[in-house]
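**Q** Below you'll find the structure I mean.
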Amino acid sequence: MTSSIHVDVWSDIACPWCYIGKRKFEAGLAAFAGADDVTVTYHSFELSPDTPVDFEGSAVDFLAQHKGMPREQVDQMLRQVTTIASDVGLDYDFDSVRQTKTLLAHQALHFAREHGMQLELVERLFAAYFEEGRHVGKVDELVALGAEVGLEPDALRAALDKGTYAAAVQADIAQARAYGIQGVPFYVIGGKYGVSGAQRPEVFTQALEQVRAEAVEAR
Amino acid sequence: MSEQPVAAFPPPAGLAMAGEAEAGVCVDGVCAVPSPEEDAEPAD
């Protein structure tokens, strides 16, 4: 009998390295012999709390205005990230990205978790944000995207309107703070190994193998 | 791969870090690109 391995992932929908990291983690997991025994939970992290729900402008405008970065530097950074995303099969379109506050999206992910569809919604929200220019900061859009993965629209809308999962989102953020997590993506594998950033797939495979080996030794 | 049932947070104890010292990560809204050398080899 094999015991399951839990992987906790802190990420934000508005984090380009998080979607890239998701693909790399998935590749690393696929190479792990015990992949069927791995469970994954996504946790909330607000990458840029000063982002308004509605920002009129591009990703370049946002980083230049809110982070004080030179536009040329931002342009270069986003071009590089787009190329790296392409290498893992993602089609980033920063010209169409709608910068927004992601707290509501995180609440939707908690709702999806309770209904057993968090992984589906994580994937849908990342694609909507980075590839399709969808606005993931508004209830109507989140309900529509949730419905696409099979979530019950009225129940999701009610949860978002009431802020049912607002405290759970804050608990995730507090947990990240307790770990000392400064940036995302951040993975906690087996409650023991931390992996920071969009690492190579082999890093995830090796960490999973290490956790499994230690579990066998402990028996 | 499946989802973990609700509950079960990892313990807030110290973590042993795995992987390269520098990889693609976003901090405070800025998502810097590590140099290829840094991405490929562990930092000293």
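Just remember, in the structure tokens the first chain shown is A, the second B, etc., residues are 1-based per chain, and ligands are 1-based in the order shown.
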For Val74 of chain A, work out the shell of residues within 6 Å, counting only C-alpha atoms and skipping chain neighbours fewer than 3 positions away, then give it as a PDB file with N, CA, C and O atoms, in the first residue's frame.
**A**
ATOM      1  N   VAL A  60       2.166  46.526 -19.532  1.00  0.00           N
ATOM      2  CA  VAL A  60       3.326  47.431 -19.508  1.00  0.00           C
ATOM      3  C   VAL A  60       2.962  48.708 -18.748  1.00  0.00           C
ATOM      4  O   VAL A  60       3.717  49.187 -17.890  1.00  0.00           O
ATOM      5  N   ARG A  71       9.597  51.442 -18.967  1.00  0.00           N
ATOM      6  CA  ARG A  71       8.767  50.728 -19.932  1.00  0.00           C
ATOM      7  C   ARG A  71       9.597  49.772 -20.792  1.00  0.00           C
ATOM      8  O   ARG A  71       9.151  48.667 -21.121  1.00  0.00           O
ATOM      9  N   MET A  77      11.094  42.227 -20.399  1.00  0.00           N
ATOM     10  CA  MET A  77      10.741  41.159 -19.449  1.00  0.00           C
ATOM     11  C   MET A  77       9.547  40.351 -19.958  1.00  0.00           C
ATOM     12  O   MET A  77       9.559  39.117 -19.944  1.00  0.00           O
TER      13      MET A  77
END
**Q** I'd like the contact shell of segment 189-193 of chain A - 12 Å cut-off, only C-alpha atoms, skipping same-chain residues fewer than 6 positions apart - returned as a PDB file with C-alpha atoms, in the first residue's frame.
**A**
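Written file, result.pdb:
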ATOM      1  CA  SER A   3       0.495   6.567   1.102  1.00  0.00           C
ATOM      2  CA  SER A   4      -0.568   9.727  -0.661  1.00  0.00           C
ATOM      3  CA  ILE A   5       1.685  12.741  -1.042  1.00  0.00           C
ATOM      4  CA  HIS A   6       0.151  16.161  -0.653  1.00  0.00           C
ATOM      5  CA  VAL A   7       1.403  19.097  -2.664  1.00  0.00           C
ATOM      6  CA  ASP A   8       0.328  22.579  -1.616  1.00  0.00           C
ATOM      7  CA  VAL A   9       0.820  25.302  -4.191  1.00  0.00           C
ATOM      8  CA  TRP A  10       0.685  29.021  -3.473  1.00  0.00           C
ATOM      9  CA  PHE A  25       5.086  20.773 -12.154  1.00  0.00           C
ATOM     10  CA  LEU A  29       4.508  14.834 -11.763  1.00  0.00           C
ATOM     11  CA  ASP A  37      -1.096   8.969  -5.210  1.00  0.00           C
ATOM     12  CA  VAL A  38      -0.348  12.701  -5.361  1.00  0.00           C
ATOM     13  CA  THR A  39      -2.992  15.195  -4.285  1.00  0.00           C
ATOM     14  CA  VAL A  40      -2.701  18.872  -5.115  1.00  0.00           C
ATOM     15  CA  THR A  41      -4.251  21.920  -3.487  1.00  0.00           C
ATOM     16  CA  TYR A 179       6.155  30.066   5.802  1.00  0.00           C
ATOM     17  CA  VAL A 203      13.153  19.206  -9.466  1.00  0.00           C
ATOM     18  CA  PHE A 204       9.531  18.300  -8.753  1.00  0.00           C
ATOM     19  CA  THR A 205      10.040  14.668  -9.691  1.00  0.00           C
ATOM     20  CA  GLN A 206      13.056  14.376  -7.399  1.00  0.00           C
ATOM     21  CA  ALA A 207      11.279  16.043  -4.488  1.00  0.00           C
ATOM     22  CA  LEU A 208       8.318  13.685  -4.880  1.00  0.00           C
ATOM     23  CA  GLU A 209      10.661  10.696  -5.024  1.00  0.00           C
ATOM     24  CA  GLN A 210      12.431  11.918  -1.907  1.00  0.00           C
ATOM     25  CA  VAL A 211       9.172  12.223   0.011  1.00  0.00           C
ATOM     26  CA  ARG A 212       8.108   8.757  -1.083  1.00  0.00           C
ATOM     27  CA  ALA A 213      11.488   7.240  -0.175  1.00  0.00           C
ATOM     28  CA  GLU A 214      11.341   8.785   3.280  1.00  0.00           C
ATOM     29  CA  ALA A 215       7.819   7.470   3.779  1.00  0.00           C
TER      30      ALA A 215
ATOM     31  CA  GLN B   4      -6.742  16.955  -1.690  1.00  0.00           C
ATOM     32  CA  ALA B   8      -5.143  19.504   5.948  1.00  0.00           C
ATOM     33  CA  PHE B   9      -2.803  22.462   5.786  1.00  0.00           C
ATOM     34  CA  PRO B  10       0.850  21.627   5.846  1.00  0.00           C
ATOM     35  CA  PRO B  11       2.386  22.343   9.239  1.00  0.00           C
ATOM     36  CA  PRO B  12       3.927  25.806   9.477  1.00  0.00           C
ATOM     37  CA  ALA B  13       7.269  24.325  10.378  1.00  0.00           C
ATOM     38  CA  GLY B  14      10.560  25.017   8.632  1.00  0.00           C
ATOM     39  CA  LEU B  15      10.857  23.626   5.130  1.00  0.00           C
ATOM     40  CA  ALA B  16      13.849  22.043   3.457  1.00  0.00           C
ATOM     41  CA  MET B  17      14.247  23.835   0.142  1.00  0.00           C
ATOM     42  CA  ALA B  18      14.718  21.912  -3.084  1.00  0.00           C
ATOM     43  CA  GLY B  19      15.651  23.098  -6.556  1.00  0.00           C
TER      44      GLY B  19
END
**Q** Would you list the contacts of Thr164 of chain A as a list in words, taking every protein, DNA or RNA residue within 12 Å and counting only C-alpha atoms, but skipping same-chain residues closer than 5 positions in sequence?
**A** Leu104, His106, Gln107, Ala108, Leu109, His110, Phe111, Glu114, Ala155, Leu156, Arg157, Ala158, Ala159, Val169 and Gln170 of chain A
**Q** Write out the residues from the selection above, keeping N, CA and C atoms, as a short mmCIF file (atom, residue, chain, number, x, y, z; two decimals), in the first residue's frame.
**A**
data_model
loop_
_atom_site.label_atom_id
_atom_site.label_comp_id
_atom_site.auth_asym_id
_atom_site.auth_seq_id
_atom_site.Cartn_x
_atom_site.Cartn_y
_atom_site.Cartn_z
N LEU A 104 -11.27 37.98 -5.68
CA LEU A 104 -12.51 37.27 -6.01
C LEU A 104 -12.21 35.95 -6.73
N HIS A 106 -9.66 34.14 -6.27
CA HIS A 106 -9.22 33.18 -5.25
C HIS A 106 -10.43 32.62 -4.48
N GLN A 107 -11.41 33.47 -4.23
CA GLN A 107 -12.62 32.96 -3.58
C GLN A 107 -13.29 31.90 -4.45
N ALA A 108 -13.32 32.16 -5.75
CA ALA A 108 -13.91 31.18 -6.67
C ALA A 108 -13.13 29.86 -6.62
N LEU A 109 -11.82 29.95 -6.47
CA LEU A 109 -11.01 28.72 -6.40
C LEU A 109 -11.29 27.94 -5.12
N HIS A 110 -11.57 28.65 -4.05
CA HIS A 110 -11.95 27.94 -2.81
C HIS A 110 -13.31 27.27 -2.97
N PHE A 111 -14.22 27.97 -3.62
CA PHE A 111 -15.53 27.36 -3.90
C PHE A 111 -15.33 26.09 -4.73
N GLU A 114 -14.06 23.15 -2.75
CA GLU A 114 -15.10 22.47 -1.96
C GLU A 114 -15.99 21.58 -2.83
N ALA A 155 -24.88 28.99 -7.38
CA ALA A 155 -24.20 28.77 -6.10
C ALA A 155 -22.88 29.52 -6.06
N LEU A 156 -22.15 29.52 -7.17
CA LEU A 156 -20.88 30.25 -7.22
C LEU A 156 -21.13 31.75 -7.09
N ARG A 157 -22.14 32.24 -7.79
CA ARG A 157 -22.45 33.67 -7.71
C ARG A 157 -22.81 34.06 -6.27
N ALA A 158 -23.62 33.24 -5.62
CA ALA A 158 -24.02 33.55 -4.24
C ALA A 158 -22.81 33.57 -3.32
N ALA A 159 -21.91 32.62 -3.51
CA ALA A 159 -20.71 32.56 -2.66
C ALA A 159 -19.84 33.80 -2.87
N VAL A 169 -9.49 32.73 1.96
CA VAL A 169 -8.43 33.35 1.14
C VAL A 169 -7.40 34.01 2.06
N GLN A 170 -7.90 34.75 3.04
CA GLN A 170 -6.98 35.42 3.96
C GLN A 170 -6.17 34.42 4.78
#
**Q** Can you list, as a PyMOL selection string, all residues belonging to segment 80-173 of chain A that DSSP tags as helix (DSSP H, G or I)?
**A** chain A and resi 80-87+103-114+118-130+139-148+153-162+166-173
**Q** Can you write just those residues out, C-alpha atoms, as a PDB file, in the first residue's frame?
**A**
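Just written: out_5.pdb:
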ATOM      1  CA  GLN A  80      11.149  36.916 -22.435  1.00  0.00           C
ATOM      2  CA  VAL A  81       8.363  35.481 -20.293  1.00  0.00           C
ATOM      3  CA  THR A  82       6.179  35.043 -23.396  1.00  0.00           C
ATOM      4  CA  THR A  83       8.955  33.070 -25.087  1.00  0.00           C
ATOM      5  CA  ILE A  84       9.466  30.852 -22.039  1.00  0.00           C
ATOM      6  CA  ALA A  85       5.698  30.298 -21.803  1.00  0.00           C
ATOM      7  CA  SER A  86       5.674  29.259 -25.428  1.00  0.00           C
ATOM      8  CA  ASP A  87       8.350  26.669 -24.659  1.00  0.00           C
ATOM      9  CA  LEU A 103      -9.146  38.218  -4.481  1.00  0.00           C
ATOM     10  CA  LEU A 104     -12.508  37.271  -6.012  1.00  0.00           C
ATOM     11  CA  ALA A 105     -10.833  34.753  -8.300  1.00  0.00           C
ATOM     12  CA  HIS A 106      -9.225  33.183  -5.246  1.00  0.00           C
ATOM     13  CA  GLN A 107     -12.616  32.958  -3.576  1.00  0.00           C
ATOM     14  CA  ALA A 108     -13.908  31.179  -6.670  1.00  0.00           C
ATOM     15  CA  LEU A 109     -11.013  28.723  -6.404  1.00  0.00           C
ATOM     16  CA  HIS A 110     -11.946  27.944  -2.813  1.00  0.00           C
ATOM     17  CA  PHE A 111     -15.530  27.364  -3.898  1.00  0.00           C
ATOM     18  CA  ALA A 112     -14.272  25.054  -6.642  1.00  0.00           C
ATOM     19  CA  ARG A 113     -12.105  23.205  -4.136  1.00  0.00           C
ATOM     20  CA  GLU A 114     -15.096  22.468  -1.961  1.00  0.00           C
ATOM     21  CA  GLN A 118     -10.316  23.323  -8.149  1.00  0.00           C
ATOM     22  CA  LEU A 119      -7.736  22.005 -10.598  1.00  0.00           C
ATOM     23  CA  GLU A 120     -10.124  22.516 -13.490  1.00  0.00           C
ATOM     24  CA  LEU A 121     -10.884  26.086 -12.460  1.00  0.00           C
ATOM     25  CA  VAL A 122      -7.232  26.967 -11.843  1.00  0.00           C
ATOM     26  CA  GLU A 123      -6.420  25.926 -15.391  1.00  0.00           C
ATOM     27  CA  ARG A 124      -9.442  27.754 -16.800  1.00  0.00           C
ATOM     28  CA  LEU A 125      -8.646  31.010 -14.985  1.00  0.00           C
ATOM     29  CA  PHE A 126      -4.986  31.009 -15.995  1.00  0.00           C
ATOM     30  CA  ALA A 127      -5.894  30.506 -19.646  1.00  0.00           C
ATOM     31  CA  ALA A 128      -8.619  33.136 -19.454  1.00  0.00           C
ATOM     32  CA  TYR A 129      -6.229  35.678 -17.976  1.00  0.00           C
ATOM     33  CA  PHE A 130      -3.031  35.104 -19.944  1.00  0.00           C
ATOM     34  CA  VAL A 139     -18.357  38.147 -10.510  1.00  0.00           C
ATOM     35  CA  ASP A 140     -20.070  37.745 -13.899  1.00  0.00           C
ATOM     36  CA  GLU A 141     -16.879  36.612 -15.632  1.00  0.00           C
ATOM     37  CA  LEU A 142     -15.912  34.268 -12.809  1.00  0.00           C
ATOM     38  CA  VAL A 143     -19.371  32.700 -12.802  1.00  0.00           C
ATOM     39  CA  ALA A 144     -19.206  32.195 -16.567  1.00  0.00           C
ATOM     40  CA  LEU A 145     -15.740  30.643 -16.355  1.00  0.00           C
ATOM     41  CA  GLY A 146     -16.786  28.496 -13.418  1.00  0.00           C
ATOM     42  CA  ALA A 147     -19.795  27.233 -15.339  1.00  0.00           C
ATOM     43  CA  GLU A 148     -17.494  26.215 -18.179  1.00  0.00           C
ATOM     44  CA  PRO A 153     -23.450  29.142 -11.555  1.00  0.00           C
ATOM     45  CA  ASP A 154     -26.031  30.326  -9.036  1.00  0.00           C
ATOM     46  CA  ALA A 155     -24.202  28.769  -6.097  1.00  0.00           C
ATOM     47  CA  LEU A 156     -20.879  30.253  -7.221  1.00  0.00           C
ATOM     48  CA  ARG A 157     -22.454  33.671  -7.706  1.00  0.00           C
ATOM     49  CA  ALA A 158     -24.025  33.546  -4.244  1.00  0.00           C
ATOM     50  CA  ALA A 159     -20.712  32.561  -2.661  1.00  0.00           C
ATOM     51  CA  LEU A 160     -18.898  35.416  -4.394  1.00  0.00           C
ATOM     52  CA  ASP A 161     -21.613  37.953  -3.576  1.00  0.00           C
ATOM     53  CA  LYS A 162     -21.608  36.958   0.093  1.00  0.00           C
ATOM     54  CA  ALA A 166     -13.048  35.610   1.865  1.00  0.00           C
ATOM     55  CA  ALA A 167     -11.755  34.385   5.235  1.00  0.00           C
ATOM     56  CA  ALA A 168     -10.346  31.227   3.645  1.00  0.00           C
ATOM     57  CA  VAL A 169      -8.426  33.345   1.144  1.00  0.00           C
ATOM     58  CA  GLN A 170      -6.982  35.420   3.964  1.00  0.00           C
ATOM     59  CA  ALA A 171      -6.059  32.237   5.856  1.00  0.00           C
ATOM     60  CA  ASP A 172      -4.082  31.051   2.835  1.00  0.00           C
ATOM     61  CA  ILE A 173      -2.284  34.375   2.622  1.00  0.00           C
TER      62      ILE A 173
END
**Q** Looking at A:Ser48, A:Ser11, A:Gln76, A:Thr102, which one is nearest to chain B, with distances taken over only C-alpha atoms?
**A**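 Of A:Ser48, A:Ser11, A:Gln76, A:Thr102, the one nearest chain B, counting only C-alpha atoms, is A:Ser48.
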**Q** Let me make sure I understand: among A:His43, A:Glu26, A:Glu152, A:Asp75, which one has the smallest atom-to-atom distance to Val188 of chain A if we use only C-alpha atoms?
**A**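 The shortest atom-to-atom distance to Val188 of chain A comes from A:His43.
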**Q** Can you tell me, as a list in words, what residues are no more than 10 Å from Gly24 of chain B when counting only C-alpha atoms, ignoring any on the same chain fewer than 6 positions away?
**A** Pro16, Trp17, Cys18, Ile20, Gly21, Val81, Ile84, Gly183, Val184, Pro185, Ser196, Gly197, Ala198 and Gln199 of chain A; Cys31, Ala32, Val33, Pro34, Ser35 and Asp39 of chain B
**Q** Would you mind exporting C-alpha atoms of the selected residues as a short mmCIF file (atom, residue, chain, number, x, y, z; two decimals), in the first residue's frame?
**A**
data_model
loop_
_atom_site.label_atom_id
_atom_site.label_comp_id
_atom_site.auth_asym_id
_atom_site.auth_seq_id
_atom_site.Cartn_x
_atom_site.Cartn_y
_atom_site.Cartn_z
CA PRO A 16 2.90 34.46 -15.28
CA TRP A 17 5.50 32.24 -13.63
CA CYS A 18 2.71 30.40 -11.81
CA ILE A 20 4.50 28.26 -16.46
CA GLY A 21 5.30 26.57 -13.15
CA VAL A 81 8.36 35.48 -20.29
CA ILE A 84 9.47 30.85 -22.04
CA GLY A 183 6.98 35.22 -4.08
CA VAL A 184 5.07 32.72 -6.20
CA PRO A 185 4.73 30.06 -7.37
CA SER A 196 10.28 28.22 -5.02
CA GLY A 197 9.59 29.32 -8.57
CA ALA A 198 8.95 27.69 -11.92
CA GLN A 199 11.65 25.08 -11.52
CA CYS B 31 8.14 38.73 -12.49
CA ALA B 32 11.81 38.90 -13.29
CA VAL B 33 13.45 36.46 -15.68
CA PRO B 34 16.44 34.59 -14.26
CA SER B 35 19.50 34.44 -16.47
CA ASP B 39 18.28 28.88 -14.26
#
**Q** Point out the residue among A:Ala218, A:Val53, A:Leu47, A:Met117 with the least atom-to-atom distance to His135 of chain A, counting only C-alpha atoms.
**A**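 Nearest to His135 of chain A: A:Val53.
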**Q** What separation in Å, quoted to one decimal, exists between atom CA of His115 of chain A and atom CA of Lys22 of chain A?
**A**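 Between these atoms lies a distance of 21.0 Å.
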